[in-house]
$ cat final06.cif   # mmCIF, C-alpha atoms and all ligand atoms
data_model
loop_
_atom_site.label_atom_id
_atom_site.label_comp_id
_atom_site.auth_asym_id
_atom_site.auth_seq_id
_atom_site.Cartn_x
_atom_site.Cartn_y
_atom_site.Cartn_z
CA MET A 1 35.03 -42.05 -83.89
CA GLY A 2 33.52 -40.55 -80.76
CA PHE A 3 31.76 -37.23 -80.47
CA ASP A 4 34.14 -34.30 -80.11
CA ALA A 5 32.18 -32.28 -77.55
CA THR A 6 34.87 -29.60 -77.35
CA ALA A 7 34.83 -28.96 -81.09
CA PHE A 8 31.03 -28.97 -81.12
CA ARG A 9 30.93 -26.51 -78.22
CA ARG A 10 33.44 -24.23 -79.94
CA GLN A 11 30.83 -23.48 -82.60
CA PHE A 12 28.88 -21.48 -80.00
CA PRO A 13 30.58 -18.13 -79.35
CA ILE A 14 28.66 -17.35 -76.17
CA LEU A 15 29.91 -20.53 -74.49
CA ALA A 16 33.49 -19.31 -74.84
CA THR A 17 32.76 -16.28 -72.67
CA GLU A 18 33.64 -16.71 -69.03
CA PRO A 19 31.69 -14.24 -66.89
CA GLY A 20 33.89 -13.32 -63.92
CA GLY A 21 36.57 -15.66 -65.24
CA ARG A 22 34.35 -18.72 -64.75
CA PRO A 23 33.10 -21.09 -67.45
CA LEU A 24 29.40 -20.74 -68.24
CA HIS A 25 27.50 -23.95 -67.45
CA TYR A 26 24.40 -23.17 -69.48
CA LEU A 27 21.70 -25.63 -68.45
CA ASP A 28 18.63 -23.56 -69.35
CA ASN A 29 18.33 -24.96 -72.86
CA ALA A 30 14.69 -25.92 -72.56
CA ALA A 31 13.96 -22.19 -72.23
CA THR A 32 16.27 -21.02 -75.06
CA SER A 33 19.17 -22.68 -76.85
CA GLN A 34 22.34 -20.90 -77.85
CA MET A 35 23.09 -20.19 -81.53
CA PRO A 36 26.04 -21.64 -83.44
CA ARG A 37 28.30 -19.45 -85.57
CA ALA A 38 26.69 -20.87 -88.76
CA VAL A 39 23.29 -19.43 -87.75
CA LEU A 40 24.69 -16.12 -86.47
CA ASP A 41 26.63 -15.68 -89.73
CA ALA A 42 23.56 -16.42 -91.84
CA VAL A 43 21.54 -13.77 -89.98
CA VAL A 44 24.30 -11.14 -90.25
CA ALA A 45 24.83 -11.95 -93.95
CA HIS A 46 21.11 -11.52 -94.58
CA GLU A 47 20.85 -8.23 -92.72
CA THR A 48 23.98 -6.82 -94.36
CA THR A 49 23.41 -7.97 -97.95
CA ARG A 50 19.73 -8.83 -98.54
CA ARG A 51 17.69 -6.70 -96.11
CA ALA A 52 14.45 -5.60 -97.75
CA ASN A 53 10.78 -6.43 -97.44
CA VAL A 54 9.57 -9.65 -99.05
CA PHE A 55 7.07 -10.18 -101.89
CA ARG A 56 6.58 -6.44 -102.51
CA GLY A 57 9.68 -4.74 -103.86
CA ASN A 58 10.22 -4.26 -107.57
CA HIS A 59 13.94 -4.34 -107.13
CA SER A 60 16.77 -6.85 -106.94
CA LEU A 61 17.31 -6.47 -103.20
CA GLY A 62 13.63 -7.25 -102.59
CA ASP A 63 13.93 -10.28 -104.88
CA ALA A 64 16.97 -11.49 -102.92
CA ALA A 65 15.10 -11.07 -99.63
CA THR A 66 12.09 -12.96 -101.01
CA ASP A 67 14.35 -15.77 -102.28
CA ALA A 68 16.01 -15.99 -98.87
CA TYR A 69 12.64 -16.16 -97.09
CA ASP A 70 11.34 -18.81 -99.51
CA GLY A 71 14.64 -20.69 -99.19
CA ALA A 72 14.29 -20.71 -95.42
CA ARG A 73 10.84 -22.24 -95.73
CA GLN A 74 12.27 -24.94 -97.98
CA SER A 75 15.09 -25.70 -95.54
CA VAL A 76 12.65 -26.00 -92.65
CA ALA A 77 10.29 -28.16 -94.71
CA GLY A 78 13.20 -30.43 -95.68
CA HIS A 79 14.23 -30.69 -92.05
CA ILE A 80 10.84 -32.03 -90.96
CA GLY A 81 10.08 -33.98 -94.14
CA VAL A 82 7.08 -31.98 -95.35
CA SER A 83 6.08 -29.82 -98.30
CA PRO A 84 7.07 -26.09 -98.06
CA ASP A 85 3.48 -24.97 -98.66
CA GLU A 86 2.56 -26.70 -95.39
CA VAL A 87 5.06 -24.67 -93.33
CA VAL A 88 3.50 -21.56 -91.77
CA PHE A 89 6.00 -19.20 -90.20
CA THR A 90 4.73 -17.82 -86.89
CA SER A 91 6.25 -15.85 -84.04
CA GLY A 92 6.99 -19.07 -82.13
CA ALA A 93 5.31 -22.17 -80.74
CA THR A 94 2.88 -19.95 -78.82
CA GLY A 95 1.95 -18.12 -82.04
CA ALA A 96 1.52 -21.47 -83.81
CA LEU A 97 -0.72 -22.92 -81.10
CA ASN A 98 -2.88 -19.78 -80.93
CA LEU A 99 -3.23 -19.88 -84.72
CA ALA A 100 -4.38 -23.50 -84.58
CA ALA A 101 -6.78 -22.82 -81.70
CA HIS A 102 -8.34 -19.80 -83.41
CA SER A 103 -8.44 -21.01 -86.96
CA PHE A 104 -8.96 -24.77 -86.73
CA GLY A 105 -10.92 -24.13 -83.55
CA SER A 106 -13.40 -21.92 -85.40
CA LEU A 107 -14.45 -24.97 -87.46
CA LEU A 108 -15.55 -26.82 -84.33
CA GLU A 109 -19.05 -26.84 -82.92
CA SER A 110 -20.50 -26.59 -79.46
CA GLY A 111 -20.26 -30.01 -77.82
CA ASP A 112 -17.20 -31.08 -79.83
CA GLU A 113 -14.37 -32.31 -77.63
CA ILE A 114 -10.67 -31.53 -77.51
CA VAL A 115 -8.33 -33.81 -75.60
CA LEU A 116 -5.37 -32.21 -73.82
CA SER A 117 -3.15 -33.43 -71.01
CA ARG A 118 -1.88 -32.43 -67.60
CA LEU A 119 1.61 -32.20 -69.08
CA GLU A 120 0.78 -29.25 -71.32
CA HIS A 121 2.62 -25.95 -71.33
CA HIS A 122 0.18 -23.08 -70.79
CA SER A 123 0.64 -22.28 -74.51
CA ASN A 124 -1.14 -25.52 -75.35
CA LEU A 125 -3.83 -25.09 -72.72
CA ILE A 126 -5.00 -21.48 -72.45
CA PRO A 127 -5.72 -21.00 -76.21
CA TRP A 128 -8.05 -24.03 -75.96
CA GLN A 129 -9.64 -22.72 -72.75
CA LEU A 130 -10.38 -19.47 -74.61
CA LEU A 131 -11.83 -21.46 -77.50
CA ARG A 132 -14.02 -23.37 -75.04
CA ASP A 133 -15.28 -20.06 -73.63
CA ARG A 134 -16.00 -18.64 -77.13
CA HIS A 135 -17.33 -21.74 -78.79
CA GLY A 136 -18.67 -24.15 -76.18
CA VAL A 137 -16.28 -26.97 -77.04
CA MET A 138 -15.41 -29.34 -74.20
CA LEU A 139 -11.89 -29.96 -72.93
CA ARG A 140 -10.97 -33.42 -71.70
CA GLU A 141 -7.84 -34.38 -69.83
CA ILE A 142 -5.27 -37.15 -70.13
CA PRO A 143 -3.78 -37.44 -66.61
CA VAL A 144 -0.14 -37.88 -65.77
CA THR A 145 1.57 -40.89 -64.16
CA PRO A 146 3.64 -40.55 -60.96
CA GLU A 147 6.81 -40.56 -63.08
CA GLY A 148 5.58 -37.64 -65.17
CA ARG A 149 4.43 -39.40 -68.34
CA LEU A 150 1.07 -39.20 -70.08
CA ASP A 151 -1.20 -41.89 -68.69
CA LEU A 152 -2.25 -43.30 -72.04
CA THR A 153 -4.27 -46.06 -70.39
CA SER A 154 -6.89 -43.29 -70.10
CA LEU A 155 -7.19 -42.92 -73.91
CA ASP A 156 -10.13 -45.36 -74.17
CA ARG A 157 -12.09 -43.34 -71.64
CA VAL A 158 -11.03 -39.80 -72.61
CA VAL A 159 -11.23 -40.03 -76.42
CA THR A 160 -14.91 -40.30 -77.32
CA PRO A 161 -16.72 -40.15 -80.69
CA ARG A 162 -17.23 -36.40 -80.02
CA CYS A 163 -13.47 -35.83 -80.05
CA ARG A 164 -12.32 -33.61 -82.93
CA LEU A 165 -8.75 -32.93 -81.85
CA ILE A 166 -6.09 -34.41 -79.57
CA ALA A 167 -3.53 -31.67 -78.80
CA LEU A 168 -0.53 -32.88 -76.80
CA THR A 169 3.04 -32.04 -76.10
CA HIS A 170 5.52 -34.20 -78.04
CA ALA A 171 7.85 -33.97 -75.03
CA SER A 172 7.34 -32.33 -71.66
CA ASN A 173 9.24 -29.16 -70.79
CA VAL A 174 9.02 -30.18 -67.12
CA THR A 175 9.55 -33.94 -66.88
CA GLY A 176 11.28 -34.56 -70.22
CA ALA A 177 8.90 -37.47 -70.98
CA ILE A 178 8.48 -38.17 -74.70
CA THR A 179 4.94 -38.94 -75.83
CA ASP A 180 4.07 -42.27 -77.43
CA VAL A 181 2.69 -40.68 -80.59
CA ALA A 182 1.64 -43.94 -82.28
CA ALA A 183 -0.80 -44.77 -79.45
CA VAL A 184 -2.29 -41.27 -79.61
CA VAL A 185 -2.65 -41.34 -83.40
CA ALA A 186 -4.35 -44.76 -83.25
CA ALA A 187 -6.85 -43.44 -80.68
CA ALA A 188 -7.53 -40.35 -82.81
CA GLN A 189 -7.98 -42.32 -86.02
CA ALA A 190 -10.47 -44.62 -84.32
CA VAL A 191 -12.85 -41.66 -83.89
CA GLY A 192 -11.77 -39.53 -86.90
CA ALA A 193 -10.08 -36.83 -84.77
CA ARG A 194 -7.08 -34.71 -85.76
CA VAL A 195 -3.83 -34.73 -83.79
CA LEU A 196 -1.69 -31.70 -82.95
CA LEU A 197 1.73 -32.04 -81.34
CA ASP A 198 3.49 -29.26 -79.49
CA GLY A 199 7.08 -29.99 -80.56
CA ALA A 200 8.70 -27.01 -78.83
CA GLN A 201 10.87 -29.31 -76.71
CA ARG A 202 11.30 -32.22 -79.11
CA ALA A 203 12.38 -30.18 -82.15
CA PRO A 204 15.91 -29.25 -80.94
CA HIS A 205 16.82 -32.87 -80.16
CA GLY A 206 18.04 -34.84 -83.13
CA GLY A 207 18.65 -34.20 -86.78
CA PRO A 208 16.07 -34.05 -89.56
CA PHE A 209 12.92 -35.86 -88.57
CA ASP A 210 9.82 -37.12 -90.31
CA VAL A 211 6.94 -35.08 -88.95
CA ALA A 212 4.56 -36.14 -91.73
CA GLY A 213 5.41 -39.78 -90.97
CA LEU A 214 4.22 -39.41 -87.37
CA GLY A 215 0.64 -39.54 -88.64
CA VAL A 216 -0.33 -36.25 -87.00
CA ASP A 217 -2.05 -33.24 -88.59
CA PHE A 218 -0.31 -30.28 -86.93
CA TYR A 219 3.13 -29.73 -85.45
CA ALA A 220 4.24 -26.57 -83.63
CA PHE A 221 7.71 -25.43 -82.60
CA SER A 222 9.90 -22.40 -81.86
CA GLY A 223 13.15 -21.33 -83.50
CA HIS A 224 14.82 -19.98 -80.37
CA LYS A 225 14.83 -23.40 -78.73
CA MET A 226 16.44 -25.05 -81.77
CA TYR A 227 19.57 -22.97 -82.34
CA ALA A 228 17.79 -20.17 -84.23
CA PRO A 229 16.77 -16.58 -83.38
CA ASN A 230 13.82 -15.43 -81.29
CA GLY A 231 10.58 -14.32 -82.90
CA ILE A 232 10.21 -17.20 -85.37
CA GLY A 233 8.39 -20.50 -85.13
CA VAL A 234 6.42 -22.90 -87.25
CA LEU A 235 2.97 -24.35 -87.48
CA TRP A 236 3.11 -27.29 -89.83
CA GLY A 237 -0.29 -28.52 -90.97
CA ARG A 238 -1.39 -31.06 -93.56
CA HIS A 239 -2.21 -29.10 -96.68
CA ASP A 240 -5.81 -30.27 -96.95
CA VAL A 241 -6.41 -29.34 -93.30
CA LEU A 242 -4.78 -25.89 -93.64
CA ALA A 243 -6.71 -25.25 -96.87
CA GLU A 244 -10.02 -25.51 -94.97
CA MET A 245 -8.98 -23.15 -92.21
CA PRO A 246 -9.90 -19.43 -92.17
CA PRO A 247 -7.24 -16.78 -91.51
CA PHE A 248 -6.28 -15.92 -87.95
CA LEU A 249 -4.43 -12.58 -88.20
CA ALA A 250 -5.43 -10.36 -91.12
CA GLY A 251 -3.56 -7.70 -93.09
CA GLY A 252 -1.01 -7.48 -95.89
CA HIS A 253 0.25 -10.54 -97.81
CA MET A 254 -2.49 -12.93 -96.75
CA ILE A 255 -4.99 -11.92 -99.42
CA ASP A 256 -6.12 -12.92 -102.86
CA ARG A 257 -8.34 -9.87 -103.66
CA VAL A 258 -9.68 -7.17 -101.38
CA ARG A 259 -12.79 -5.10 -102.12
CA TRP A 260 -14.27 -2.42 -99.93
CA ASP A 261 -16.80 -4.78 -98.39
CA ARG A 262 -15.05 -8.16 -98.49
CA ALA A 263 -11.82 -10.02 -99.12
CA SER A 264 -10.70 -13.38 -100.38
CA TYR A 265 -7.55 -15.00 -99.10
CA ALA A 266 -4.30 -16.46 -100.37
CA PRO A 267 -3.82 -20.22 -100.13
CA PRO A 268 -1.71 -21.57 -97.23
CA PRO A 269 0.88 -20.84 -96.00
CA LEU A 270 0.61 -17.12 -96.89
CA ARG A 271 -3.03 -17.02 -95.72
CA PHE A 272 -1.65 -17.35 -92.19
CA GLU A 273 1.27 -14.92 -92.46
CA ALA A 274 -0.33 -11.48 -92.31
CA GLY A 275 1.98 -8.47 -92.32
CA THR A 276 5.72 -8.26 -92.78
CA PRO A 277 7.08 -11.55 -91.47
CA PRO A 278 10.17 -12.01 -89.28
CA ILE A 279 12.44 -12.33 -92.32
CA ALA A 280 15.96 -12.50 -90.88
CA GLN A 281 14.62 -14.74 -88.11
CA ALA A 282 13.22 -17.13 -90.71
CA VAL A 283 16.57 -17.06 -92.52
CA GLY A 284 18.20 -17.97 -89.20
CA LEU A 285 15.78 -20.85 -88.69
CA GLY A 286 16.52 -22.10 -92.21
CA ALA A 287 20.25 -21.94 -91.46
CA ALA A 288 19.68 -23.86 -88.20
CA ALA A 289 17.79 -26.57 -90.10
CA ARG A 290 20.67 -26.91 -92.60
CA TRP A 291 23.26 -26.87 -89.82
CA LEU A 292 21.39 -29.60 -87.90
CA LYS A 293 21.55 -31.78 -91.00
CA THR A 294 25.35 -31.69 -91.04
CA GLN A 295 25.82 -32.94 -87.47
CA ASP A 296 26.77 -36.52 -86.54
CA TRP A 297 23.54 -37.57 -84.83
CA PRO A 298 24.43 -41.16 -83.86
CA ALA A 299 27.53 -39.82 -82.06
CA ILE A 300 25.54 -36.98 -80.49
CA ARG A 301 22.91 -39.43 -79.24
CA ALA A 302 25.59 -41.53 -77.54
CA HIS A 303 27.00 -38.35 -75.96
CA MET A 304 23.56 -37.33 -74.71
CA ASP A 305 22.80 -40.82 -73.35
CA GLY A 306 26.06 -40.61 -71.40
CA LEU A 307 25.16 -37.20 -69.99
CA MET A 308 21.64 -38.32 -69.08
CA THR A 309 22.96 -41.39 -67.25
CA ARG A 310 25.52 -39.25 -65.41
CA MET A 311 22.80 -36.82 -64.42
CA LEU A 312 20.30 -39.46 -63.24
CA ASP A 313 22.95 -41.41 -61.29
CA GLY A 314 24.19 -38.20 -59.71
CA LEU A 315 20.71 -37.01 -58.73
CA ALA A 316 19.80 -40.43 -57.27
CA SER A 317 22.85 -40.24 -54.98
CA LEU A 318 21.87 -36.86 -53.46
CA PRO A 319 19.77 -37.07 -50.29
CA GLY A 320 16.80 -34.71 -50.22
CA VAL A 321 16.71 -34.31 -54.01
CA ARG A 322 13.53 -35.59 -55.66
CA LEU A 323 13.29 -36.01 -59.40
CA VAL A 324 9.98 -35.00 -60.99
CA GLY A 325 10.12 -37.14 -64.12
CA PRO A 326 11.25 -40.52 -65.46
CA ALA A 327 14.24 -41.98 -63.61
CA SER A 328 15.63 -43.84 -66.65
CA ILE A 329 16.94 -42.53 -69.97
CA GLU A 330 14.30 -44.38 -72.00
CA HIS A 331 11.84 -42.21 -73.95
CA ARG A 332 12.89 -39.01 -72.30
CA LEU A 333 14.70 -35.81 -73.20
CA PRO A 334 17.59 -34.43 -71.15
CA VAL A 335 15.23 -32.15 -69.21
CA PHE A 336 15.44 -32.74 -65.45
CA SER A 337 13.07 -31.19 -62.91
CA LEU A 338 13.64 -31.67 -59.23
CA THR A 339 12.85 -30.40 -55.78
CA VAL A 340 15.24 -30.06 -52.86
CA ASP A 341 13.84 -30.77 -49.40
CA GLY A 342 13.73 -27.65 -47.29
CA ARG A 343 14.83 -25.26 -50.06
CA GLU A 344 12.83 -23.08 -52.46
CA ALA A 345 13.56 -23.79 -56.13
CA GLN A 346 14.41 -20.15 -56.79
CA GLU A 347 16.88 -20.08 -53.92
CA VAL A 348 18.60 -23.23 -55.23
CA CYS A 349 18.97 -21.72 -58.70
CA ARG A 350 20.42 -18.46 -57.38
CA ALA A 351 22.90 -20.38 -55.22
CA LEU A 352 24.03 -22.46 -58.21
CA ASP A 353 24.32 -19.40 -60.42
CA HIS A 354 26.34 -17.36 -57.96
CA GLY A 355 28.42 -20.15 -56.48
CA TYR A 356 28.98 -22.46 -59.45
CA GLY A 357 28.25 -20.54 -62.67
CA VAL A 358 25.33 -22.86 -63.49
CA ALA A 359 22.40 -21.30 -65.40
CA LEU A 360 19.13 -23.03 -64.49
CA ARG A 361 15.46 -22.24 -64.34
CA SER A 362 13.09 -22.43 -61.40
CA GLY A 363 9.34 -22.06 -61.06
CA HIS A 364 6.24 -23.62 -62.55
CA HIS A 365 7.67 -23.65 -66.09
CA CYS A 366 4.32 -22.46 -67.50
CA ALA A 367 2.77 -25.75 -66.36
CA GLN A 368 0.84 -24.85 -63.22
CA PRO A 369 -1.78 -27.62 -63.58
CA LEU A 370 1.11 -30.13 -63.67
CA MET A 371 2.65 -28.56 -60.55
CA ASP A 372 -0.78 -28.93 -58.90
CA ALA A 373 -0.86 -32.62 -59.87
CA PHE A 374 2.53 -33.13 -58.22
CA GLY A 375 1.61 -30.94 -55.24
CA VAL A 376 4.60 -28.63 -55.67
CA ALA A 377 4.77 -24.88 -56.28
CA GLY A 378 7.73 -25.20 -58.63
CA THR A 379 10.86 -27.14 -59.48
CA VAL A 380 14.50 -26.57 -60.33
CA ARG A 381 15.05 -27.47 -63.98
CA ALA A 382 18.29 -28.38 -65.72
CA SER A 383 18.12 -29.06 -69.45
CA LEU A 384 20.92 -30.16 -71.77
CA LEU A 385 21.86 -29.85 -75.42
CA PRO A 386 24.81 -31.50 -77.19
CA TYR A 387 27.17 -28.61 -76.44
CA ASN A 388 26.88 -29.51 -72.77
CA THR A 389 29.64 -31.60 -71.27
CA ALA A 390 30.27 -33.87 -68.30
CA GLU A 391 31.83 -30.80 -66.61
CA ASP A 392 28.51 -28.96 -66.91
CA VAL A 393 26.62 -31.86 -65.36
CA ASP A 394 29.22 -32.22 -62.60
CA ALA A 395 29.13 -28.49 -61.82
CA PHE A 396 25.36 -28.78 -61.40
CA LEU A 397 25.62 -31.91 -59.22
CA ASP A 398 28.41 -30.37 -57.11
CA GLY A 399 26.31 -27.26 -56.61
CA LEU A 400 23.29 -29.31 -55.59
CA ALA A 401 25.43 -31.34 -53.18
CA GLY A 402 26.58 -28.04 -51.64
CA VAL A 403 23.01 -26.80 -51.31
CA THR A 404 21.67 -30.06 -49.86
CA SER A 405 24.48 -30.35 -47.33
CA ARG A 406 23.66 -26.83 -46.14
CA ALA A 407 19.95 -27.68 -46.05
CA ALA A 408 20.56 -30.70 -43.80
N1 LIG B 1 5.38 -25.61 -75.48
C1 LIG B 1 6.39 -26.10 -74.76
C2 LIG B 1 6.41 -27.56 -74.44
C3 LIG B 1 7.41 -25.25 -74.34
O1 LIG B 1 8.42 -25.74 -73.61
C4 LIG B 1 7.35 -23.88 -74.68
C5 LIG B 1 8.43 -22.92 -74.21
N2 LIG B 1 8.78 -23.06 -72.88
C6 LIG B 1 6.28 -23.43 -75.44
C7 LIG B 1 5.30 -24.32 -75.83
C8 LIG B 1 6.15 -22.00 -75.85
O2 LIG B 1 7.22 -21.64 -76.66
P1 LIG B 1 7.48 -20.09 -77.03
O3 LIG B 1 7.53 -19.36 -75.73
O4 LIG B 1 8.78 -20.13 -77.74
O5 LIG B 1 6.35 -19.67 -77.90
#
$ encode --input "final06.cif" --output "structure tokens" --more "lines below"
Ligand code: PMP
Amino acid sequence: MGFDATAFRRQFPILATEPGGRPLHYLDNAATSQMPRAVLDAVVAHETTRRANVFRGNHSLGDAATDAYDGARQSVAGHIGVSPDEVVFTSGATGALNLAAHSFGSLLESGDEIVLSRLEHHSNLIPWQLLRDRHGVMLREIPVTPEGRLDLTSLDRVVTPRCRLIALTHASNVTGAITDVAAVVAAAQAVGARVLLDGAQRAPHGGPFDVAGLGVDFYAFSGHKMYAPNGIGVLWGRHDVLAEMPPFLAGGHMIDRVRWDRASYAPPPLRFEAGTPPIAQAVGLGAAARWLKTQDWPAIRAHMDGLMTRMLDGLASLPGVRLVGPASIEHRLPVFSLTVDGREAQEVCRALDHGYGVALRSGHHCAQPLMDAFGVAGTVRASLLPYNTAEDVDAFLDGLAGVTSRAA
């Protein structure tokens, strides 16, 4: 049985809308995914039948809201193969990475080293730059290869005995390259360093996956990129590591006992969830995790491999189009960055939107140091999820062919 892309796509109400009578070719998935009916329904059901604050109310509605929030944490934990008390709900991947940089970072000492890479999103760079400025830690860099992968041959040189953390993207939001986690974990273990992965791009691709089995210590991702609402994300951390970390944000819920002059804190994960959390958003993320579990992943993978091959073959046949990223489907996500000779990325995207109904993204993709490494100001980026079809890819390629023929 093959993958029924039409039936899969039908689960996403927004993709049935045809602005101006045209189909929507939504290829900006690396920025935000669309939400299936199952997730939308779960959010509406929560807001219409269980809306109340969590942990506080002495009433049945409050109990139902608390159960729903706890249930969401369990669904997310099940999805990534970890214990629920290791799942910290945050506002998104950015919130998760800032939490790690502040809280784990505060345990580091001047002269300790953190290894990052040229592939990082600003969210996994600037929080560490700020930590460096506050704390005197040193940042070291894994460079990038010409095809947009981490140059892991540098690990021997970059990871020294002073290294306390290696914080890398699990997959690049620009080039689509997937990181060889085993090599990174081996290098970290050799010097007793922790490993953090920014999974914002990897998390939406595939069904349940074994985060704990990767051998890393932290994993960050956002709900809105994996079929769930905005305003929710996760920092997973090994329980013993989280238990040693001080709070980041402070306020309600995160306490054990508060006196006028001091406070003690709740154990993780609540220690890191100050204030009223994004409850319906968490419920939506839990629903997305359960929905992902019910999908036919071997069939979806074959569908995605087909789309990636179609995309790469099509791009290779277009004169003046340069791919910034791996040219084969091995160890990459369906995230394609490119430049068009003689045309600004923004101009290309506008032309494809207006002329072909293709939604793309242009710019530096919050990865300016990577743009510097490639010597470009920005790229056009097309990114796919399983609801995309061959027609979406062809609309993009047709549009690019139109733009390049006009550029010539
Ligand atoms: N890391 C990566 C690799 C990303 O692609 C993004 C989003 N573009 C982020 C972090 C930040 O995610 P958010 O804006 O949802 O916090």
$ residues_near_ligand --input "final06.cif" --ligand "ligand LIG 1 (chain B)" --cutoff "6 Å" --atoms "all atoms listed in the file" --output "JSON, numbers by chain"
{"A": [31, 92, 93, 94, 121, 123, 169, 172, 173, 198, 200, 201, 222]}
$ residues_around --input "final06.cif" --residues "A:Trp128" --least-positions-apart "6" --cutoff "9 Å" --atoms "only C-alpha atoms" --output "list in words"
Asn98, Ala101, His102, Gly105, Ile114, Leu116, Val137 and Leu139 of chain A
$ atom_distance --input "final06.cif" --atom1 "atom CA of A:Val181" --atom2 "atom CA of A:Glu120"
14.8 Å
$ residues_around --input "final06.cif" --residues "A:Leu108" --least-positions-apart "3" --cutoff "9 Å" --atoms "only C-alpha atoms" --output "PyMOL selection string"
chain A and resi 104-105+111-113+135+137+164
$ residues_around --input "final06.cif" --residues "A:Ala30" --least-positions-apart "6" --cutoff "9 Å" --atoms "all atoms listed in the file" --output "PyMOL selection string"
chain A and resi 173-174+200-201+225+335+381-385
$ closest_residue --input "final06.cif" --among "A:Gly306, A:Gly237, A:Gly62, A:Gly223" --to "A:Ile329" --atoms "only C-alpha atoms"
A:Gly306
$ residues_around --input "final06.cif" --residues "A:Pro269" --least-positions-apart "2" --cutoff "9 Å" --atoms "only C-alpha atoms" --output "VMD selection string"
chain A and resid 84 to 89 239 242 to 243 254 266 to 267 271 to 273
$ residues_near_point --input "final06.cif" --point "(26.4, -37.2, -71.7)" --cutoff "10 Å" --atoms "all atoms listed in the file" --output "list in words"
Ala5, Ile300, Arg301, Ala302, His303, Met304, Asp305, Gly306, Leu307, Met308, Thr309, Arg310, Met311, Pro334, Leu384, Leu385, Pro386, Tyr387, Asn388, Thr389, Ala390, Glu391, Asp392 and Val393 of chain A
$ atom_distance --input "final06.cif" --atom1 "atom CA of A:Val54" --atom2 "atom CA of A:Tyr69"
7.5 Å
$ residues_around --input "final06.cif" --residues "stretch 143-150 of chain A" --least-positions-apart "3" --cutoff "12 Å" --atoms "only C-alpha atoms" --output "VMD selection string"
chain A and resid 115 to 120 140 153 to 155 157 to 158 168 to 181 183 to 184 322 to 328 330 to 333 335 to 338 369 to 375
$ closest_residue --input "final06.cif" --among "A:Gly95, A:Gly252, A:Gly2, A:Pro36" --to "A:Ala16" --atoms "all atoms listed in the file"
A:Pro36
$ decode --input "final06.cif" --residues "stretch 174-198 of chain A" --atoms "C-alpha atoms" --output "PDB file, in the first residue's frame"
ATOM      1  CA  VAL A 174      19.127  26.375   6.073  1.00  0.00           C
ATOM      2  CA  THR A 175      20.874  23.435   4.412  1.00  0.00           C
ATOM      3  CA  GLY A 176      18.726  20.575   5.736  1.00  0.00           C
ATOM      4  CA  ALA A 177      21.855  18.625   6.775  1.00  0.00           C
ATOM      5  CA  ILE A 178      21.246  16.151   9.607  1.00  0.00           C
ATOM      6  CA  THR A 179      23.947  15.995  12.267  1.00  0.00           C
ATOM      7  CA  ASP A 180      25.875  12.790  12.931  1.00  0.00           C
ATOM      8  CA  VAL A 181      24.925  12.698  16.610  1.00  0.00           C
ATOM      9  CA  ALA A 182      26.917   9.555  17.474  1.00  0.00           C
ATOM     10  CA  ALA A 183      30.215  11.210  16.485  1.00  0.00           C
ATOM     11  CA  VAL A 184      29.373  14.286  18.562  1.00  0.00           C
ATOM     12  CA  VAL A 185      28.342  12.248  21.602  1.00  0.00           C
ATOM     13  CA  ALA A 186      31.564  10.196  21.402  1.00  0.00           C
ATOM     14  CA  ALA A 187      33.646  13.398  21.320  1.00  0.00           C
ATOM     15  CA  ALA A 188      31.713  14.824  24.287  1.00  0.00           C
ATOM     16  CA  GLN A 189      31.998  11.658  26.350  1.00  0.00           C
ATOM     17  CA  ALA A 190      35.751  11.563  25.791  1.00  0.00           C
ATOM     18  CA  VAL A 191      36.079  14.824  27.766  1.00  0.00           C
ATOM     19  CA  GLY A 192      33.036  14.483  30.076  1.00  0.00           C
ATOM     20  CA  ALA A 193      31.026  17.243  28.336  1.00  0.00           C
ATOM     21  CA  ARG A 194      27.235  17.424  28.012  1.00  0.00           C
ATOM     22  CA  VAL A 195      25.477  17.519  24.648  1.00  0.00           C
ATOM     23  CA  LEU A 196      22.496  19.687  23.724  1.00  0.00           C
ATOM     24  CA  LEU A 197      20.650  19.270  20.428  1.00  0.00           C
ATOM     25  CA  ASP A 198      18.449  21.918  18.884  1.00  0.00           C
TER      26      ASP A 198
END
